[in-house]
Structure formats: structure tokens, C-alpha cells
$ cat model.cif   # mmCIF, C-alpha atoms
data_model
#
loop_
_atom_site.label_atom_id
_atom_site.label_comp_id
_atom_site.auth_asym_id
_atom_site.auth_seq_id
_atom_site.Cartn_x
_atom_site.Cartn_y
_atom_site.Cartn_z
CA MET A 1 68.69 95.90 26.36
CA LYS A 2 68.26 95.56 22.64
CA ASP A 3 64.74 94.75 21.48
CA VAL A 4 63.82 91.15 20.74
CA GLY A 5 63.25 90.82 17.01
CA SER A 6 65.06 94.05 16.28
CA SER A 7 66.93 92.43 13.39
CA ASP A 8 63.65 92.00 11.50
CA THR A 9 63.71 94.60 8.71
CA ALA A 10 59.93 94.62 8.36
CA ALA A 11 59.52 95.17 12.10
CA LEU A 12 61.98 98.08 12.00
CA LEU A 13 60.13 99.64 9.09
CA GLU A 14 56.81 99.34 10.91
CA PHE A 15 58.44 100.90 13.97
CA THR A 16 59.48 103.95 11.91
CA LYS A 17 55.92 104.26 10.60
CA GLN A 18 54.52 104.16 14.12
CA VAL A 19 56.97 106.85 15.23
CA ARG A 20 55.98 109.06 12.32
CA ARG A 21 52.28 108.59 13.14
CA ASP A 22 53.05 109.51 16.74
CA ILE A 23 54.87 112.68 15.68
CA ILE A 24 51.94 113.88 13.58
CA GLN A 25 49.41 113.03 16.29
CA MET A 26 51.43 114.70 19.06
CA ILE A 27 51.82 117.96 17.16
CA GLU A 28 48.17 117.88 16.14
CA ASP A 29 47.07 117.35 19.75
CA ALA A 30 49.36 120.08 21.06
CA GLY A 31 48.62 122.58 18.31
CA SER A 32 52.34 123.29 17.93
CA GLY A 33 55.65 121.52 17.48
CA HIS A 34 58.55 120.82 15.16
CA PRO A 35 57.72 118.06 12.69
CA GLY A 36 60.47 118.64 10.10
CA GLY A 37 63.52 117.83 12.20
CA SER A 38 61.67 115.15 14.13
CA LEU A 39 60.71 113.29 10.96
CA SER A 40 64.19 113.60 9.47
CA SER A 41 65.80 111.77 12.40
CA VAL A 42 63.37 108.85 12.80
CA GLU A 43 65.66 106.22 11.29
CA ILE A 44 68.64 107.45 13.32
CA LEU A 45 66.86 106.92 16.64
CA THR A 46 65.26 103.70 15.45
CA VAL A 47 68.63 102.10 14.72
CA LEU A 48 70.11 103.30 18.00
CA TYR A 49 67.27 102.22 20.28
CA LYS A 50 66.14 99.10 18.43
CA LYS A 51 69.48 97.72 17.26
CA LEU A 52 72.49 99.05 19.13
CA MET A 53 72.07 100.80 22.45
CA ASN A 54 72.13 99.03 25.79
CA TYR A 55 69.44 100.22 28.22
CA GLN A 56 66.85 98.98 30.67
CA PRO A 57 63.41 100.63 30.38
CA GLY A 58 62.49 99.48 33.86
CA ASN A 59 65.74 100.87 35.26
CA PRO A 60 66.33 104.08 33.27
CA ASP A 61 69.21 105.22 35.52
CA TRP A 62 71.17 101.99 35.06
CA GLU A 63 74.79 103.04 35.38
CA ASP A 64 76.09 100.96 32.45
CA ARG A 65 73.49 102.16 29.95
CA ASP A 66 74.46 103.81 26.69
CA ARG A 67 73.52 107.48 26.64
CA PHE A 68 71.57 109.37 23.97
CA ILE A 69 71.72 113.16 24.04
CA LEU A 70 69.27 115.11 21.90
CA SER A 71 71.09 118.40 21.45
CA LYS A 72 68.49 119.60 18.91
CA GLY A 73 65.88 119.60 21.64
CA HIS A 74 63.04 120.94 19.48
CA ALA A 75 62.94 117.46 17.87
CA ALA A 76 61.56 116.12 21.16
CA PRO A 77 58.56 114.38 19.51
CA VAL A 78 60.75 111.76 17.85
CA LEU A 79 62.57 110.99 21.10
CA TYR A 80 59.36 110.81 23.13
CA SER A 81 57.79 108.44 20.64
CA VAL A 82 60.82 106.15 20.54
CA LEU A 83 61.09 106.04 24.34
CA ALA A 84 57.40 105.24 24.67
CA ARG A 85 57.48 102.54 22.01
CA CYS A 86 60.58 101.01 23.64
CA GLY A 87 58.79 100.66 26.97
CA PHE A 88 59.98 103.62 29.02
CA PHE A 89 56.43 104.89 29.55
CA ASP A 90 52.84 104.34 28.43
CA PRO A 91 52.36 105.54 24.82
CA GLU A 92 49.04 107.10 25.89
CA ILE A 93 51.10 109.80 27.61
CA LEU A 94 52.22 110.96 24.16
CA ARG A 95 48.80 112.62 23.81
CA SER A 96 49.79 115.06 26.57
CA PHE A 97 52.72 116.55 24.61
CA ARG A 98 53.19 120.27 25.38
CA LYS A 99 50.14 120.38 27.62
CA PHE A 100 50.21 121.99 31.07
CA GLY A 101 51.60 119.63 33.69
CA SER A 102 52.75 117.05 31.13
CA PRO A 103 56.13 115.31 31.55
CA LEU A 104 56.52 115.75 27.78
CA GLN A 105 57.72 119.33 27.57
CA GLY A 106 58.30 121.10 24.27
CA HIS A 107 62.00 120.47 24.88
CA PRO A 108 63.14 117.41 26.88
CA SER A 109 63.46 117.91 30.64
CA MET A 110 65.20 115.26 32.75
CA GLU A 111 63.33 116.56 35.80
CA LYS A 112 60.01 115.71 34.18
CA LEU A 113 60.62 112.39 32.43
CA ALA A 114 62.64 109.25 33.24
CA GLY A 115 64.71 107.86 30.37
CA LEU A 116 66.21 111.18 29.30
CA ASP A 117 69.96 111.79 29.54
CA TYR A 118 69.88 115.51 28.73
CA SER A 119 67.60 118.50 29.13
CA GLY A 120 67.58 120.20 25.74
CA GLY A 121 66.75 123.84 25.21
CA SER A 122 69.28 126.32 23.90
CA LEU A 123 70.98 124.94 20.82
CA GLY A 124 74.70 124.28 20.62
CA GLN A 125 75.25 122.86 24.09
CA GLY A 126 74.66 119.13 23.69
CA LEU A 127 78.14 118.15 22.54
CA SER A 128 79.77 119.96 25.46
CA PHE A 129 77.52 118.01 27.82
CA ALA A 130 78.20 114.76 25.93
CA ASN A 131 81.95 115.32 26.24
CA GLY A 132 81.62 115.46 30.01
CA VAL A 133 79.53 112.30 30.10
CA ALA A 134 81.94 110.42 27.81
CA TYR A 135 84.96 111.59 29.79
CA GLY A 136 83.34 110.52 33.05
CA LEU A 137 82.51 107.08 31.65
CA ASN A 138 86.15 106.66 30.63
CA ILE A 139 87.29 107.53 34.14
CA MET A 140 84.94 104.85 35.48
CA LYS A 141 86.31 102.44 32.86
CA SER A 142 82.76 101.88 31.61
CA SER A 143 82.07 100.30 28.23
CA ALA A 144 78.98 102.49 27.77
CA ARG A 145 78.84 104.72 24.72
CA VAL A 146 77.52 108.24 24.20
CA TYR A 147 75.54 109.30 21.13
CA VAL A 148 74.71 112.97 20.59
CA LEU A 149 72.40 114.22 17.82
CA VAL A 150 72.82 117.77 16.54
CA GLY A 151 71.16 119.64 13.71
CA ASP A 152 73.14 121.03 10.79
CA GLY A 153 71.76 124.51 11.50
CA GLU A 154 72.73 124.03 15.13
CA ILE A 155 76.41 123.54 14.39
CA GLN A 156 76.61 127.10 13.16
CA GLU A 157 76.94 127.78 16.90
CA GLY A 158 80.55 128.45 17.89
CA GLN A 159 80.30 126.42 21.08
CA VAL A 160 79.87 123.26 19.04
CA TRP A 161 83.28 123.72 17.43
CA GLU A 162 84.93 124.43 20.77
CA ALA A 163 83.37 121.22 22.05
CA MET A 164 84.68 119.32 19.01
CA MET A 165 88.21 120.35 19.95
CA THR A 166 87.64 118.89 23.41
CA SER A 167 86.23 115.64 21.96
CA SER A 168 89.39 115.22 19.94
CA GLN A 169 91.82 116.48 22.60
CA GLN A 170 90.46 113.94 25.10
CA ALA A 171 90.40 111.14 22.48
CA LEU A 172 86.78 110.34 23.30
CA ASP A 173 86.40 107.24 21.16
CA ASN A 174 83.30 106.30 23.17
CA LEU A 175 81.48 109.32 21.72
CA VAL A 176 79.60 109.56 18.42
CA LEU A 177 78.49 112.93 17.07
CA ILE A 178 75.56 112.56 14.66
CA VAL A 179 74.70 115.46 12.37
CA ASP A 180 71.11 115.44 11.10
CA SER A 181 72.05 117.03 7.80
CA ASN A 182 68.72 117.96 6.21
CA ASN A 183 70.05 121.25 4.77
CA LEU A 184 67.22 123.40 6.14
CA GLN A 185 66.79 125.53 9.24
CA ILE A 186 64.07 127.88 10.45
CA ASP A 187 65.38 130.79 8.34
CA GLY A 188 65.97 128.89 5.11
CA GLU A 189 68.62 126.74 3.47
CA ILE A 190 71.81 126.09 5.42
CA GLY A 191 73.99 127.38 2.60
CA ASP A 192 72.08 130.67 2.44
CA VAL A 193 72.15 131.31 6.19
CA LYS A 194 75.67 130.18 7.07
CA GLY A 195 77.20 127.51 4.87
CA LEU A 196 78.98 124.51 6.38
CA ALA A 197 80.62 122.98 3.33
CA PRO A 198 82.89 121.10 3.21
CA LEU A 199 81.57 119.74 6.51
CA ASP A 200 83.30 116.37 6.28
CA LYS A 201 86.72 117.95 5.77
CA LYS A 202 86.12 120.37 8.66
CA LEU A 203 85.19 117.51 10.98
CA ASP A 204 88.27 115.60 9.82
CA ALA A 205 90.40 118.66 10.58
CA PHE A 206 88.93 118.82 14.08
CA GLY A 207 90.17 115.28 14.74
CA PHE A 208 87.07 113.19 14.07
CA ASN A 209 86.74 109.92 12.23
CA THR A 210 84.13 111.23 9.79
CA LEU A 211 81.57 109.09 7.96
CA ILE A 212 78.83 110.16 5.54
CA VAL A 213 75.69 108.03 5.22
CA ASP A 214 72.13 108.13 3.95
CA GLY A 215 70.32 109.03 7.15
CA HIS A 216 67.21 107.09 6.10
CA ASP A 217 69.05 103.85 5.20
CA MET A 218 68.92 101.87 8.43
CA GLN A 219 71.49 99.30 7.34
CA ALA A 220 73.93 102.05 6.35
CA LEU A 221 73.35 103.76 9.68
CA GLU A 222 73.94 100.55 11.60
CA ASN A 223 77.16 99.90 9.68
CA ALA A 224 78.37 103.43 10.46
CA PHE A 225 77.63 103.07 14.18
CA LEU A 226 79.43 99.72 14.25
CA ALA A 227 82.42 101.28 12.48
CA ALA A 228 82.42 104.02 15.12
CA GLY A 229 82.58 101.33 17.80
CA ARG A 230 85.70 99.88 16.18
CA THR A 231 87.44 103.28 15.98
CA LYS A 232 90.01 103.82 18.72
CA GLY A 233 91.78 106.97 19.86
CA LYS A 234 89.42 109.51 18.34
CA PRO A 235 85.70 110.38 18.32
CA THR A 236 83.50 109.61 15.34
CA ALA A 237 81.23 112.03 13.50
CA ILE A 238 78.45 110.65 11.32
CA ILE A 239 76.98 113.05 8.78
CA ALA A 240 73.52 111.61 8.21
CA GLN A 241 72.16 113.05 4.97
CA THR A 242 68.43 113.36 5.57
CA VAL A 243 65.26 114.97 4.24
CA LYS A 244 63.47 117.48 6.43
CA GLY A 245 59.89 116.27 6.97
CA LYS A 246 60.79 112.82 5.63
CA GLY A 247 57.81 110.57 4.90
CA ILE A 248 55.14 113.27 4.61
CA SER A 249 54.92 114.60 1.07
CA PHE A 250 53.72 118.13 1.87
CA LEU A 251 56.40 118.54 4.58
CA GLU A 252 59.41 117.14 2.77
CA ASN A 253 62.16 119.68 1.98
CA GLN A 254 59.96 122.55 3.17
CA VAL A 255 61.34 125.29 5.42
CA SER A 256 57.78 125.69 6.75
CA SER A 257 57.94 122.15 8.20
CA HIS A 258 60.46 123.29 10.81
CA HIS A 259 57.58 124.41 13.03
CA ARG A 260 53.85 123.89 12.64
CA THR A 261 50.76 124.87 14.61
CA GLY A 262 48.98 121.61 13.91
CA PHE A 263 47.41 120.24 10.72
CA THR A 264 44.13 120.60 8.89
CA PRO A 265 41.97 117.45 8.73
CA GLU A 266 42.97 117.08 5.08
CA GLU A 267 46.66 117.40 5.91
CA LYS A 268 46.41 114.89 8.72
CA GLN A 269 44.64 112.40 6.45
CA LYS A 270 47.29 112.93 3.78
CA ALA A 271 50.08 112.46 6.32
CA TYR A 272 48.72 109.13 7.51
CA SER A 273 48.18 108.06 3.91
CA ASP A 274 51.79 108.89 3.07
CA ILE A 275 53.08 106.96 6.07
CA GLY A 276 50.89 103.94 5.37
CA ASN A 277 49.18 101.66 7.87
#

$ encode --input "model.cif" --output "C-alpha cells"
Amino acid sequence: MKDVGSSDTAALLEFTKQVRRDIIQMIEDAGSGHPGGSLSSVEILTVLYKKLMNYQPGNPDWEDRDRFILSKGHAAPVLYSVLARCGFFDPEILRSFRKFGSPLQGHPSMEKLAGLDYSGGSLGQGLSFANGVAYGLNIMKSSARVYVLVGDGEIQEGQVWEAMMTSSQQALDNLVLIVDSNNLQIDGEIGDVKGLAPLDKKLDAFGFNTLIVDGHDMQALENAFLAAGRTKGKPTAIIAQTVKGKGISFLENQVSSHHRTGFTPEEKQKAYSDIGN
């Protein structure tokens, strides 16, 4: 189910603002969380859930639904907000993020919350899981698609590259690997920790149809996802060039935005001012 009115650019923009407000509020309420990588992927999830993916909020286990797998599980706030705002659960539950007994764990848990297609925790495992889902859907001759979001720091994990070989070997053209390429990880800049360049050529060499887009340009993202849907015989990788902490001036391009223990009243006011009402 794609949202009614999802083609309205102004409505999409307001949706991204609401998600960013939710992310700040959730981390403030919890006293901990990962704002940087959540904020950098807002537009990616907005386009998927509001424009492209087929799903039924009232029937989250619908067999023919498209699947979204958040491999970078620490970015749970963005996924929780999008699910809530798309009708999977009451947005008031967002205020329970990371609290004892809450279905909104620090990393997504399928056992705790309906609407999730993957329990994220240890990095590097999401694409392997997505391969299995995509392969199974092909066996069932399903038209459903699988989208998996990884971080650029995450793909320093060797398992990701092994999984890429499987994606290509099995010609999983119903699978889209999305790299949230914000160039920062918890220990610093990607290039200083373990450089990935030239990432596009490496993905090409591993058998992917590789596209590079501005990860905050929703029309460019939509075009890339549509191009992936037209690609046959190989998986698609979309390198979404993003800004860590996007939309909040004191978090943008800051390594310290990877994880925060809440915000001062002044910071929270500044964040909401940056987002706009």
C-alpha cells in the first residue's frame, strides 16, 4: 500500500521534517541513541515507504509485501518513526524508545514489534539475510522486492562482501542494496579508518548494477529505485551520498553525532528550529 497523496512534494517534505523531529525527541526521551546515521537516511526511507513499497500496515505479515531490512540497526529511530507515521503503530509509542519493556528496542527486534522484517544488532549481517529473503521470494515466484540499507562503515565487514558475491551469483534482481554513504563512522572518517574508494567500481566488479545518487534528493532516489526495478539478471546497489546528522546544524558532518546521550534544552530548541515547523 502506497500512501494516498504520496506524490505531493510538499507532503513528502513535511513527512521528513516530522521524522527528524521524532528522532530528536526519541533520543532525548531515552537519554541515548544514534542520531547521525538516523538523520542521514530519512529521505531514503521516506521514498521507500511513501512512494514505492507495497505493504499493509494492518496486515504487517502480508506475504506479498516488499521487505525493508535495516542492516545498520543502530539507526532504529528513523525506522520506528517511519513505521509509526505510516500507520503500523501509534506514534505515542515512540516516546518509549529504549525504555524497559518497550517494543522499540535500541536495535530493531522482530519479536517485539510488528512491521519489522529483520532483527538488527551486529553489523554486517543484513545483506546475507536479505539474500535469503530475495532468493526465497524468487522460488515462490513473488513480485515482492527486498531493500536492504547498510552503512558505509558497516561494509568494512568482510561478511558483506561475501554476501555480495551471493547476490550476484544468484542473480537477485529483486534485491536492492542501499549504502548510506555519509563518510563517517564512530571512530572517524571512513577513509581514515578503512577506505572504501572506489566503491562504485568495487560494487560493479562484484556484479552489481551500481548507481550513485544524492541521498537527500527524493526525486533522484525515486528514479534510482525505479531503475533498479527495470534491471534484470543482476542486483542493484545504490550509493546514496548523504550527510551524517542531516538537517541539524550542530550534528551535520560531526563524528560525535554517531551516538548521543540526549540534548541540552538549547540544543533541542536549535534542532527544532533547524528542522522547521

$ closest_atom_pairs --input "model.cif" --of "range 51-143 of chain A" --to "range 177-183 of chain A" --cutoff "12 Å" --atoms "all atoms listed in the file" --output "CSV"
residue,atom,partner,partner_atom,distance
A:Phe68,CA,A:Leu177,CA,10.4
A:Ile69,CA,A:Leu177,CA,9.7
A:Leu70,CA,A:Ile178,CA,9.9
A:Ser71,CA,A:Ile178,CA,10.0
A:Lys72,CA,A:Asp180,CA,9.2
A:Ala75,CA,A:Asp180,CA,10.8
A:Gly126,CA,A:Leu177,CA,9.8
A:Leu127,CA,A:Leu177,CA,7.6
A:Ser128,CA,A:Leu177,CA,11.0
A:Phe129,CA,A:Leu177,CA,11.9
A:Ala130,CA,A:Leu177,CA,9.1
A:Asn131,CA,A:Leu177,CA,10.1
A:Ala134,CA,A:Leu177,CA,11.6

$ atom_distance --input "model.cif" --atom1 "CA of Gly158 in chain A" --atom2 "CA of Asp200 in chain A"
17.0 Å

$ residues_around --input "model.cif" --residues "Val78 in chain A" --least-positions-apart "2" --cutoff "12 Å" --atoms "only C-alpha atoms" --output "PyMOL selection string"
chain A and resi 15-27+33-46+49+70+72-76+80-85+94+97+104+106-108+149+245

$ atom_distance --input "model.cif" --atom1 "CA of Ser119 in chain A" --atom2 "CA of Val148 in chain A"
12.4 Å

$ closest_atom_pairs --input "model.cif" --of "range 95-133 of chain A" --to "range 51-58 of chain A" --cutoff "12 Å" --atoms "only C-alpha atoms" --output "CSV"
residue,atom,partner,partner_atom,distance
A:Ala114,CA,A:Pro57,CA,9.1
A:Gly115,CA,A:Pro57,CA,7.3
A:Leu116,CA,A:Pro57,CA,11.0
A:Asp117,CA,A:Tyr55,CA,11.7

$ atom_distance --input "model.cif" --atom1 "CA of Leu226 in chain A" --atom2 "CA of Pro91 in chain A"
29.6 Å

$ residues_around --input "model.cif" --residues "Asp187 in chain A" --least-positions-apart "4" --cutoff "12 Å" --atoms "all atoms listed in the file" --output "NGL selection string"
:A and (153 or 183 or 191-194 or 254-259)

$ resolve_selection --input "model.cif" --expression "the PyMOL selection byres ((chain A and resi 169) around 10)" --output "PyMOL selection string"
chain A and resi 163-168+170-172+206-207+233-235

$ build_atoms --input "model.cif" --residues "range 37-54 of chain A" --atoms "N, CA and C atoms" --output "compact mmCIF listing (two decimals), in the coordinates of the input"
# COMPACT_ATOMS: atom_id res chain seq x y z
N GLY A 37 62.32 118.44 11.66
CA GLY A 37 63.52 117.83 12.20
C GLY A 37 63.27 116.59 13.02
N SER A 38 62.03 116.40 13.46
CA SER A 38 61.67 115.15 14.13
C SER A 38 61.57 114.02 13.10
N LEU A 39 60.89 114.30 12.00
CA LEU A 39 60.71 113.29 10.96
C LEU A 39 62.02 112.92 10.28
N SER A 40 62.93 113.88 10.17
CA SER A 40 64.19 113.60 9.47
C SER A 40 65.11 112.67 10.27
N SER A 41 64.89 112.57 11.57
CA SER A 41 65.80 111.77 12.40
C SER A 41 65.18 110.47 12.90
N VAL A 42 64.06 110.07 12.34
CA VAL A 42 63.37 108.85 12.80
C VAL A 42 64.26 107.61 12.67
N GLU A 43 64.86 107.43 11.50
CA GLU A 43 65.66 106.22 11.29
C GLU A 43 66.90 106.21 12.19
N ILE A 44 67.46 107.37 12.46
CA ILE A 44 68.64 107.45 13.32
C ILE A 44 68.31 106.90 14.70
N LEU A 45 67.23 107.38 15.30
CA LEU A 45 66.86 106.92 16.64
C LEU A 45 66.37 105.49 16.63
N THR A 46 65.73 105.08 15.55
CA THR A 46 65.26 103.70 15.45
C THR A 46 66.42 102.73 15.51
N VAL A 47 67.46 102.99 14.74
CA VAL A 47 68.63 102.10 14.72
C VAL A 47 69.31 102.09 16.08
N LEU A 48 69.45 103.24 16.70
CA LEU A 48 70.11 103.30 18.00
C LEU A 48 69.34 102.52 19.06
N TYR A 49 68.05 102.81 19.19
CA TYR A 49 67.27 102.22 20.28
C TYR A 49 66.81 100.79 20.00
N LYS A 50 66.65 100.43 18.74
CA LYS A 50 66.14 99.10 18.43
C LYS A 50 67.24 98.10 18.06
N LYS A 51 68.42 98.61 17.73
CA LYS A 51 69.48 97.72 17.26
C LYS A 51 70.76 97.76 18.11
N LEU A 52 71.13 98.92 18.63
CA LEU A 52 72.49 99.05 19.13
C LEU A 52 72.63 99.40 20.60
N MET A 53 71.83 100.29 21.10
CA MET A 53 72.07 100.80 22.45
C MET A 53 71.68 99.80 23.53
N ASN A 54 72.44 99.82 24.61
CA ASN A 54 72.13 99.03 25.79
C ASN A 54 71.40 99.91 26.80
